[in-house]
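One file, upload-v6.txt, carrying compact mmCIF, C-alpha atoms:
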```
# COMPACT_ATOMS: atom_id res chain seq x y z
CA MET A 1 -4.98 75.40 55.32
CA ILE A 2 -3.73 76.57 58.70
CA THR A 3 -5.33 79.72 60.07
CA ALA A 4 -4.79 81.65 63.28
CA LYS A 5 -7.36 80.96 66.01
CA ASN A 6 -9.85 83.59 67.07
CA PHE A 7 -10.35 84.56 70.70
CA SER A 8 -13.58 84.49 72.68
CA PRO A 9 -15.32 87.75 73.68
CA GLU A 10 -14.59 86.87 77.31
CA ILE A 11 -10.84 86.60 76.66
CA LEU A 12 -10.83 89.84 74.64
CA GLU A 13 -12.63 91.64 77.48
CA LYS A 14 -10.09 90.35 80.00
CA ALA A 15 -7.30 91.41 77.62
CA ASP A 16 -8.52 95.02 77.73
CA ILE A 17 -8.59 94.91 81.53
CA LEU A 18 -5.09 93.43 81.64
CA LYS A 19 -3.68 96.02 79.26
CA SER A 20 -5.07 98.83 81.41
CA LYS A 21 -3.12 97.50 84.41
CA LEU A 22 0.23 97.97 82.67
CA PRO A 23 1.84 101.43 82.52
CA SER A 24 2.94 100.82 78.92
CA VAL A 25 3.20 98.17 76.22
CA PRO A 26 6.24 98.00 73.90
CA LYS A 27 5.29 99.47 70.53
CA GLN A 28 6.73 96.53 68.58
CA LEU A 29 4.51 94.07 70.46
CA ASP A 30 1.31 96.06 70.79
CA SER A 31 -1.60 94.62 68.85
CA PRO A 32 -5.33 93.96 69.37
CA PHE A 33 -4.56 90.37 70.38
CA PHE A 34 -1.24 90.40 72.26
CA PHE A 35 -2.82 90.00 75.70
CA ALA A 36 -5.51 87.62 74.48
CA ARG A 37 -2.82 85.23 73.33
CA PHE A 38 -1.17 85.11 76.76
CA LEU A 39 -4.50 84.88 78.57
CA THR A 40 -5.50 81.89 76.46
CA ALA A 41 -2.20 80.19 77.31
CA ASN A 42 -2.95 80.74 81.01
CA ASN A 43 -6.59 79.63 80.85
CA GLY A 44 -7.88 83.18 81.35
CA ASP A 45 -6.04 83.72 84.66
CA VAL A 46 -5.51 87.51 84.66
CA GLU A 47 -3.09 87.70 87.60
CA LYS A 48 -0.91 84.83 86.36
CA THR A 49 -0.84 86.33 82.87
CA TYR A 50 0.04 89.75 84.28
CA GLN A 51 3.08 88.31 86.08
CA LYS A 52 4.23 86.37 83.01
CA ILE A 53 4.05 89.45 80.81
CA LEU A 54 5.98 91.52 83.36
CA GLN A 55 8.69 88.83 83.38
CA LEU A 56 8.76 88.84 79.58
CA PHE A 57 9.08 92.64 79.40
CA GLU A 58 11.83 92.49 82.03
CA HIS A 59 13.75 89.86 80.07
CA ARG A 60 13.84 91.95 76.88
CA GLN A 61 15.07 95.02 78.80
CA LEU A 62 17.71 93.26 80.90
CA LEU A 63 19.26 91.47 77.93
CA ASN A 64 19.17 94.59 75.73
CA TYR A 65 17.10 93.42 72.78
CA ALA A 66 13.99 95.51 73.39
CA ASP A 67 14.90 98.38 71.08
CA ILE A 68 16.94 96.82 68.28
CA SER A 69 15.87 95.46 64.90
CA ASP A 70 14.70 91.91 64.31
CA LEU A 71 17.79 91.05 62.27
CA ASP A 72 20.13 92.57 64.85
CA ILE A 73 18.66 90.24 67.47
CA PHE A 74 19.88 87.39 65.26
CA THR A 75 23.21 88.88 64.25
CA LYS A 76 24.44 91.47 66.78
CA VAL A 77 22.93 91.27 70.26
CA ASP A 78 25.02 89.54 72.92
CA ILE A 79 24.04 85.91 73.55
CA GLY A 80 21.58 85.91 70.63
CA LYS A 81 24.28 86.17 67.98
CA ASP A 82 26.46 83.51 69.61
CA CYS A 83 23.53 81.11 69.72
CA PHE A 84 21.62 81.77 66.49
CA GLU A 85 24.69 81.41 64.28
CA ARG A 86 24.96 77.80 65.48
CA PHE A 87 21.50 76.84 64.22
CA ASN A 88 20.16 76.29 60.70
CA ILE A 89 17.23 78.70 60.81
CA SER A 90 15.33 81.26 58.77
CA LYS A 91 14.39 84.74 59.83
CA ILE A 92 10.80 86.01 60.00
CA ASP A 93 9.84 87.96 56.87
CA TYR A 94 6.75 90.05 57.65
CA SER A 95 5.68 89.95 54.00
CA ILE A 96 5.57 86.14 53.87
CA THR A 97 2.31 84.84 55.28
CA SER A 98 -0.24 82.13 54.62
CA ARG A 99 -3.69 83.37 55.60
CA ASN A 100 -2.23 85.74 58.20
CA VAL A 101 0.11 83.04 59.53
CA HIS A 102 3.88 83.64 59.51
CA VAL A 103 6.36 80.86 58.73
CA PHE A 104 9.60 80.03 60.53
CA MET A 105 11.90 77.37 59.07
CA GLN A 106 14.44 75.27 60.99
CA LYS A 107 16.63 72.47 59.65
CA MET A 108 18.52 69.99 61.79
CA SER A 109 21.08 69.42 59.06
CA GLY A 110 24.51 70.62 60.21
CA THR A 111 23.29 71.30 63.78
CA ASP A 112 25.29 69.37 66.38
CA LEU A 113 23.74 70.05 69.78
CA LYS A 114 26.49 68.23 71.67
CA GLU A 115 29.10 70.47 70.04
CA ILE A 116 27.03 73.61 70.70
CA LEU A 117 27.04 72.78 74.41
CA LYS A 118 30.84 72.72 74.35
CA VAL A 119 31.06 76.35 73.24
CA MET A 120 28.27 78.03 75.22
CA PRO A 121 26.28 77.46 78.41
CA LEU A 122 22.79 76.04 78.15
CA SER A 123 21.37 79.34 79.40
CA TYR A 124 22.53 81.04 76.19
CA VAL A 125 20.17 78.82 74.21
CA LEU A 126 17.27 79.41 76.59
CA HIS A 127 17.72 83.19 76.66
CA SER A 128 18.01 83.17 72.86
CA TYR A 129 14.70 81.32 72.65
CA PHE A 130 13.07 84.32 74.34
CA MET A 131 14.69 86.50 71.66
CA LEU A 132 13.37 84.27 68.88
CA GLN A 133 9.88 84.57 70.32
CA GLU A 134 10.34 88.35 70.38
CA ASN A 135 10.72 88.15 66.60
CA PHE A 136 7.56 86.04 66.39
CA SER A 137 5.64 88.51 68.57
CA ARG A 138 6.73 91.50 66.50
CA ALA A 139 5.70 89.82 63.24
CA MET A 140 2.29 88.83 64.60
CA ALA A 141 1.68 92.30 66.03
CA HIS A 142 2.60 93.87 62.68
CA THR A 143 0.14 91.70 60.80
CA GLU A 144 -2.61 92.11 63.41
CA ARG A 145 -2.33 95.90 63.35
CA LEU A 146 -2.40 95.80 59.54
CA THR A 147 -5.35 93.44 59.13
CA GLY A 148 -7.27 93.71 62.38
CA GLU A 149 -7.34 89.91 62.45
CA THR A 150 -5.44 87.36 64.54
CA SER A 151 -2.05 86.10 63.43
CA SER A 152 0.20 83.25 64.50
CA VAL A 153 3.36 81.37 63.55
CA VAL A 154 3.89 77.98 61.92
CA CYS A 155 7.27 76.33 62.38
CA VAL A 156 8.42 73.92 59.69
CA LEU A 157 11.05 71.60 61.17
CA ASP A 158 13.12 69.49 58.79
CA LEU A 159 14.61 66.56 60.73
CA THR A 160 16.99 65.52 57.94
CA GLY A 161 20.37 64.96 59.61
CA LEU A 162 18.95 64.59 63.13
CA ASN A 163 21.11 62.35 65.31
CA LEU A 164 18.37 60.50 67.14
CA VAL A 165 20.86 58.81 69.47
CA ASP A 166 21.53 62.20 71.10
CA PHE A 167 17.99 62.19 72.50
CA MET A 168 17.64 58.56 73.56
CA ASN A 169 19.20 59.23 76.97
CA PRO A 170 16.90 61.66 78.87
CA LEU A 171 19.91 62.89 80.88
CA SER A 172 22.01 63.74 77.81
CA GLY A 173 22.83 67.37 77.00
CA PRO A 174 20.62 67.54 73.87
CA ALA A 175 17.69 65.93 75.69
CA GLN A 176 18.03 68.35 78.62
CA LEU A 177 18.28 71.29 76.24
CA ALA A 178 15.13 70.21 74.39
CA ARG A 179 13.26 69.67 77.66
CA LEU A 180 14.04 73.14 79.02
CA VAL A 181 13.29 74.87 75.70
CA VAL A 182 9.89 73.17 75.68
CA GLN A 183 9.39 74.30 79.28
CA VAL A 184 10.04 77.95 78.33
CA TRP A 185 7.64 77.56 75.40
CA ALA A 186 4.94 76.08 77.63
CA GLU A 187 5.32 78.78 80.32
CA TYR A 188 5.36 81.81 78.03
CA PHE A 189 4.75 81.18 74.35
CA SER A 190 2.41 78.22 73.79
CA GLU A 191 -0.12 80.36 71.91
CA HIS A 192 2.47 81.96 69.62
CA LEU A 193 2.80 78.74 67.64
CA CYS A 194 -0.33 77.39 66.00
CA LYS A 195 1.33 74.39 64.34
CA LEU A 196 4.68 72.59 64.20
CA LEU A 197 4.98 70.80 60.86
CA ILE A 198 7.66 68.11 61.00
CA ILE A 199 9.07 66.93 57.69
CA ASN A 200 11.54 64.16 56.86
CA PRO A 201 11.24 62.52 60.30
CA PRO A 202 13.05 59.23 61.02
CA GLY A 203 10.40 56.51 60.93
CA ILE A 204 10.84 55.63 64.59
CA ILE A 205 9.93 59.17 65.66
CA SER A 206 6.60 59.00 63.87
CA VAL A 207 5.85 55.69 65.57
CA MET A 208 6.90 57.04 68.98
CA TRP A 209 4.66 60.06 68.50
CA GLN A 210 1.61 57.93 67.83
CA VAL A 211 2.12 56.47 71.30
CA THR A 212 3.17 59.57 73.24
CA LYS A 213 0.52 61.93 71.84
CA ARG A 214 -2.03 60.01 73.89
CA LEU A 215 -0.09 60.97 77.02
CA VAL A 216 0.34 64.72 76.45
CA ASP A 217 -2.39 67.32 76.81
CA PRO A 218 -4.66 67.70 73.74
CA LYS A 219 -3.71 71.36 73.18
CA THR A 220 -0.06 70.39 72.71
CA ALA A 221 -0.82 67.28 70.67
CA GLU A 222 -2.94 69.18 68.15
CA LYS A 223 -0.07 71.57 67.39
CA LEU A 224 2.26 68.82 66.10
CA GLU A 225 1.89 67.27 62.68
CA PHE A 226 4.24 64.69 61.13
CA LEU A 227 4.11 64.88 57.34
CA SER A 228 4.69 61.67 55.41
CA LYS A 229 6.04 63.61 52.44
CA VAL A 230 7.28 67.15 51.86
CA GLU A 231 4.57 67.76 49.24
CA ASP A 232 2.01 67.64 52.06
CA LEU A 233 3.13 71.12 53.12
CA LYS A 234 0.75 72.40 50.43
CA LYS A 235 -2.17 71.00 52.44
CA TYR A 236 -1.30 73.37 55.28
CA LEU A 237 0.38 76.44 53.75
CA GLU A 238 -0.11 78.53 50.65
CA PRO A 239 2.71 78.18 48.05
CA GLY A 240 4.03 81.67 48.76
CA ALA A 241 4.85 80.65 52.34
CA ILE A 242 6.61 77.39 51.40
CA PRO A 243 10.33 77.61 50.53
CA GLU A 244 11.21 76.87 46.91
CA GLU A 245 13.35 74.01 48.16
CA TYR A 246 10.17 72.29 49.34
CA GLY A 247 8.01 73.01 46.31
CA GLY A 248 6.73 76.52 47.03
CA THR A 249 7.72 80.00 45.81
CA TYR A 250 9.19 81.51 49.00
CA ARG A 251 12.79 82.74 48.62
CA ASP A 252 15.01 84.87 50.81
CA ASP A 253 17.16 87.05 48.55
CA SER A 254 18.09 89.46 51.34
CA GLY A 255 21.57 87.99 51.73
CA TYR A 256 20.71 86.22 54.98
CA ALA A 257 19.87 82.78 53.56
CA ASP A 258 22.20 80.42 51.72
CA PRO A 259 20.89 79.21 49.38
CA PRO A 260 18.02 81.70 48.95
CA GLU A 261 15.59 78.96 47.94
CA GLY A 262 16.16 77.21 51.28
CA VAL A 263 15.45 80.46 53.25
CA CYS A 264 17.80 79.36 56.08
CA ARG A 265 21.26 80.50 57.06
CA PRO A 266 23.54 77.45 57.45
CA PRO A 267 25.03 77.00 60.93
CA LYS A 268 28.55 78.08 61.70
CA VAL A 269 30.87 75.09 61.84
CA ILE A 270 32.22 74.50 65.35
CA THR A 271 35.92 73.74 65.66
CA LYS A 272 37.84 72.43 68.66
CA ASP A 273 39.56 75.81 68.92
CA GLU A 274 36.21 77.23 70.05
CA TYR A 275 35.72 74.78 72.91
CA LYS A 276 35.48 76.66 76.21
CA LEU A 277 37.44 75.73 79.31
CA GLN A 278 35.66 75.42 82.63
CA GLU A 279 37.45 78.62 83.71
CA HIS A 280 36.51 80.50 80.52
CA ILE A 281 34.72 83.48 82.08
CA TRP A 282 37.61 84.12 84.48
CA LEU A 283 40.30 83.78 81.83
CA GLN A 284 38.30 86.16 79.66
CA ASN A 285 38.64 88.70 82.47
CA ASN A 286 42.40 88.10 82.88
CA ILE A 287 42.02 86.05 86.07
CA LEU A 288 44.30 83.07 85.55
CA LYS A 289 43.06 81.12 88.54
CA ALA A 290 39.33 80.91 89.05
CA PRO A 291 38.09 81.91 92.52
CA LYS A 292 37.31 79.06 94.87
CA GLY A 293 33.65 78.17 94.58
CA LYS A 294 31.23 78.19 97.48
CA GLY A 295 29.02 75.14 97.94
CA LEU A 296 25.27 75.59 98.35
CA SER A 297 22.58 73.01 99.02
CA VAL A 298 19.02 73.91 98.05
CA LYS A 299 16.16 71.76 99.26
CA SER A 300 12.83 71.40 97.48
CA PHE A 301 11.06 74.78 97.02
CA GLN A 302 13.74 76.62 98.99
CA THR A 303 16.16 79.38 97.97
CA ALA A 304 19.87 79.95 98.60
CA GLU A 305 21.73 83.23 98.07
CA TYR A 306 25.28 84.20 97.17
CA VAL A 307 25.94 87.84 98.08
CA VAL A 308 28.64 90.15 96.73
CA LYS A 309 29.08 93.87 97.45
CA THR A 310 31.01 96.75 95.96
CA THR A 311 31.52 100.39 96.94
CA THR A 312 32.71 101.37 93.46
CA PRO A 313 31.45 100.65 89.93
CA GLY A 314 32.70 97.32 88.64
CA LYS A 315 32.00 94.21 86.62
CA LEU A 316 30.03 91.45 88.30
CA VAL A 317 31.34 88.09 87.04
CA TRP A 318 29.79 84.77 88.02
CA SER A 319 30.11 81.08 87.34
CA TYR A 320 28.30 78.09 88.81
CA THR A 321 27.46 74.43 88.33
CA THR A 322 24.31 72.73 89.55
CA SER A 323 23.35 69.10 89.99
CA GLY A 324 19.76 69.65 88.85
CA ASP A 325 17.16 72.19 87.77
CA ILE A 326 17.45 75.53 89.52
CA ASP A 327 15.72 78.90 89.08
CA PHE A 328 18.55 81.42 88.74
CA GLU A 329 18.38 85.21 88.83
CA ILE A 330 20.45 88.17 90.04
CA VAL A 331 19.03 91.17 91.89
CA ARG A 332 20.41 94.39 93.36
CA ARG A 333 19.25 94.97 96.93
CA ASP A 334 18.89 98.52 98.21
CA ALA A 335 17.13 99.51 101.43
CA GLY A 336 15.27 96.22 101.49
CA LYS A 337 14.02 96.58 97.91
CA GLU A 338 15.19 94.35 95.08
CA MET A 339 15.68 95.19 91.42
CA ALA A 340 16.46 92.51 88.83
CA ILE A 341 19.69 92.86 86.90
CA TRP A 342 19.66 89.38 85.33
CA PRO A 343 16.41 87.63 84.33
CA LYS A 344 15.18 84.49 86.04
CA ILE A 345 15.07 81.21 84.13
CA THR A 346 15.09 77.54 85.04
CA ILE A 347 18.48 76.07 84.19
CA THR A 348 20.78 73.15 84.79
CA SER A 349 24.50 73.05 84.02
CA LEU A 350 25.70 70.63 81.37
CA LYS A 351 29.06 70.52 79.58
CA LEU A 352 30.04 73.98 80.76
CA PRO A 353 29.40 75.91 83.94
CA GLU A 354 26.74 78.56 83.71
CA TYR A 355 28.46 81.94 83.58
CA GLY A 356 27.99 85.59 82.77
CA GLN A 357 29.06 89.14 83.47
CA ARG A 358 27.46 92.53 83.88
CA THR A 359 28.76 96.04 84.59
CA VAL A 360 27.19 97.29 87.82
CA PRO A 361 27.13 100.43 90.00
CA PRO A 362 28.04 100.31 93.70
CA GLY A 363 25.71 98.15 95.75
CA GLU A 364 24.80 94.75 97.08
CA TYR A 365 24.14 91.98 94.55
CA ILE A 366 22.44 88.68 95.25
CA LEU A 367 22.68 85.59 93.09
CA LYS A 368 19.51 83.64 93.88
CA PHE A 369 19.16 79.89 93.42
CA ALA A 370 15.67 78.48 93.98
CA ASN A 371 14.82 74.79 93.73
CA PRO A 372 11.53 74.67 91.75
CA SER A 373 11.00 70.91 92.08
CA ASN A 374 9.62 68.50 94.61
CA THR A 375 12.91 66.59 94.76
CA TRP A 376 13.97 63.91 97.24
CA PHE A 377 17.50 65.27 97.38
CA PRO A 378 18.67 68.89 97.52
CA VAL A 379 20.23 70.46 94.44
CA LYS A 380 23.98 70.91 94.89
CA ILE A 381 25.51 74.13 93.59
CA THR A 382 29.08 75.34 93.39
CA CYS A 383 29.19 79.07 92.75
CA ALA A 384 31.86 81.74 92.47
CA ALA A 385 31.19 85.46 91.92
CA GLU A 386 33.31 88.59 92.17
CA ILE A 387 33.01 92.25 91.29
CA LEU A 388 36.07 93.27 89.33
CA ASN A 389 37.50 96.78 89.06
CA VAL A 390 36.83 98.22 85.60
CA SER A 391 38.85 101.45 85.90
```
If you convert what's in this file into structure tokens, what do you get?
Amino acid sequence: MITAKNFSPEILEKADILKSKLPSVPKQLDSPFFFARFLTANNGDVEKTYQKILQLFEHRQLLNYADISDLDIFTKVDIGKDCFERFNISKIDYSITSRNVHVFMQKMSGTDLKEILKVMPLSYVLHSYFMLQENFSRAMAHTERLTGETSSVVCVLDLTGLNLVDFMNPLSGPAQLARLVVQVWAEYFSEHLCKLLIINPPGIISVMWQVTKRLVDPKTAEKLEFLSKVEDLKKYLEPGAIPEEYGGTYRDDSGYADPPEGVCRPPKVITKDEYKLQEHIWLQNNILKAPKGKGLSVKSFQTAEYVVKTTTPGKLVWSYTTSGDIDFEIVRRDAGKEMAIWPKITITSLKLPEYGQRTVPPGEYILKFANPSNTWFPVKITCAAEILNVS
């Protein structure tokens, strides 16, 4: 049976020191082991962990999901709703645990990643992944406060219906999406997940994993488990945490799941009417002709800026494409000081340009593009941004 790992006295001592450095900790996330989890992920590096947690807290505030309910993150919050309704996933039920471990269920059936990338930018998926991990963190904190013992999350991933061809080309949209999601997980949330149980895998994936697991770090390798048959879930989880559909007793009768015994909400079917045009964000704001983009070239480990200013309140609208990975964020600059208004993530543009909008007060706004890689060639960016009158 899977159990949550315990933390060393040294890590717990550092966790207390780290917590004392922060002015406050969100109530939903506060638990005896919140900081220990992040410290373990960062090999006990207090300063690195401190910066990661500040970035995480900033993300939840800037994208407005810090103070809403778990279900509303899935069904109401901007970006989160648009993304989560496209995936075949469960919610996190605090009452469903196996030895203090929470269970999250995802099915690939009905999920078409290539179609998803035609109706939303890749960044929507990455930002939503932060929101999903917020749900995980809240559930773990709840259980840890209740029991005084460590908690964690197990993800059960059913690969039935997976189109393996989508991932064979490492430059394909689905492969790039998977790569960047894993990168976010590795940078922020590697200790949230204690095990990924993969059921109904195509045979070739199991074979490929036997080879590749020798090439990845042991901590990652030990988290993945390919099950030869669904019944093997009972070797890892108690029956009450296994969906009825897979031989357990877990049901979701809240109205979220369909069917309740599968505990997942089926993904919304994507139609061609939902496909977004390249000019979508501008048309949405009644601008029939998109502004001419400005070309930027960003060399390895360098940063380029796109600056826009306004003397009146307005709506900052932006759109850009990039030829490779780029760290993107938006800040407001005032008297030499910078304040984030859009969180930084590593992104690349795929089917659609990356785009967004935000209502802003008067000021100077900087779209920052940093090349995080040791690349031979600079990353090419075409960006357009304007502040529109909202009166």
Axis-aligned box for all listed atoms of segment 120-138 of chain A, 4 Å per side, centre and edges in Å to one decimal, as lines of an AutoDock Vina configuration file:
```
center_x = 17.0
center_y = 83.8
center_z = 72.9
size_x = 30.6
size_y = 23.5
size_z = 21.0
```
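From atom CA of Lys114 of chain A back to atom CA of Gly173 of chain A, the distance works out to 6.5 Å.
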Quiz item: What lies within 8 Å of Gln28 of chain A using all atoms listed in the file, ignoring chain neighbours under 5 positions off, as a PyMOL selection string?
Solution: chain A and resi 138+141-142
Quiz item: Counting all atoms listed in the file, what is within 12 Å of Ser254 of chain A, bar same-chain residues fewer than 6 positions away, as a ChimeraX atom specification?
Solution: /A:71,90-93,260-261,263-265
Practice problem: Go ahead and find all residues with at least one atom no further than 9 Å from (20.3, 87.8, 84.9) in the file's coordinates, using all atoms listed in the file; report them as a ChimeraX atom specification. | Solution: /A:59,62-63,328-331,340-345,356-358,367
Quiz item: Smallest atom-to-atom distance to Phe226 of chain A: which of A:Met105, A:Leu122, A:Ile198, A:Ile242, using only C-alpha atoms?
Solution: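 Once distances to Phe226 of chain A are computed over only C-alpha atoms, the minimum belongs to A:Ile198.
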Practice problem: For Pro372 of chain A, list every protein, DNA or RNA residue within 9 Å, evaluated using all atoms listed in the file, and leave out those in the same chain fewer than 3 positions away; present the list as number ranges by chain. | Solution: A: 300-302, 325-327, 346, 375
Excluding same-chain residues fewer than 5 positions from Gly314 of chain A, what lies within 8 Å of it counting only C-alpha atoms, as a compact mmCIF listing (two decimals) with C-alpha atoms, in the frame of the given file?
```txt
# COMPACT_ATOMS: atom_id res chain seq x y z
CA THR A 359 28.76 96.04 84.59
CA VAL A 360 27.19 97.29 87.82
CA PRO A 361 27.13 100.43 90.00
CA PRO A 362 28.04 100.31 93.70
CA ILE A 387 33.01 92.25 91.29
CA LEU A 388 36.07 93.27 89.33
CA ASN A 389 37.50 96.78 89.06
CA VAL A 390 36.83 98.22 85.60
CA SER A 391 38.85 101.45 85.90
```
Quiz item: Taking all atoms listed in the file into account, which of A:Val298, A:Val25, A:Ile89, A:Met131 comes nearest Tyr256 of chain A?
Solution: A:Ile89
Practice problem: Would you please work out which residue, of A:Cys383, A:Cys83, A:Leu224, A:Val184, is nearest to Val307 of chain A when using only C-alpha atoms? | Solution: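 Result for the nearest residue to Val307 of chain A: A:Cys383.
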Quiz prompt | For atom CA of Leu233 of chain A and atom CA of Tyr188 of chain A, the interatomic separation in Å (one decimal) | solution = 27.2 Å
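Among the candidates A:Thr111, A:Asn371, A:Gln61, A:Thr310, the one nearest to Asp166 of chain A when counting all atoms listed in the file is A:Thr111.
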Quiz item: With distances taken over only C-alpha atoms, which of A:Val156, A:Ala178, A:Ala385, A:Ala257 is nearest to Trp318 of chain A?
Solution: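 With only C-alpha atoms as the atom set, the closest residue is A:Ala385.
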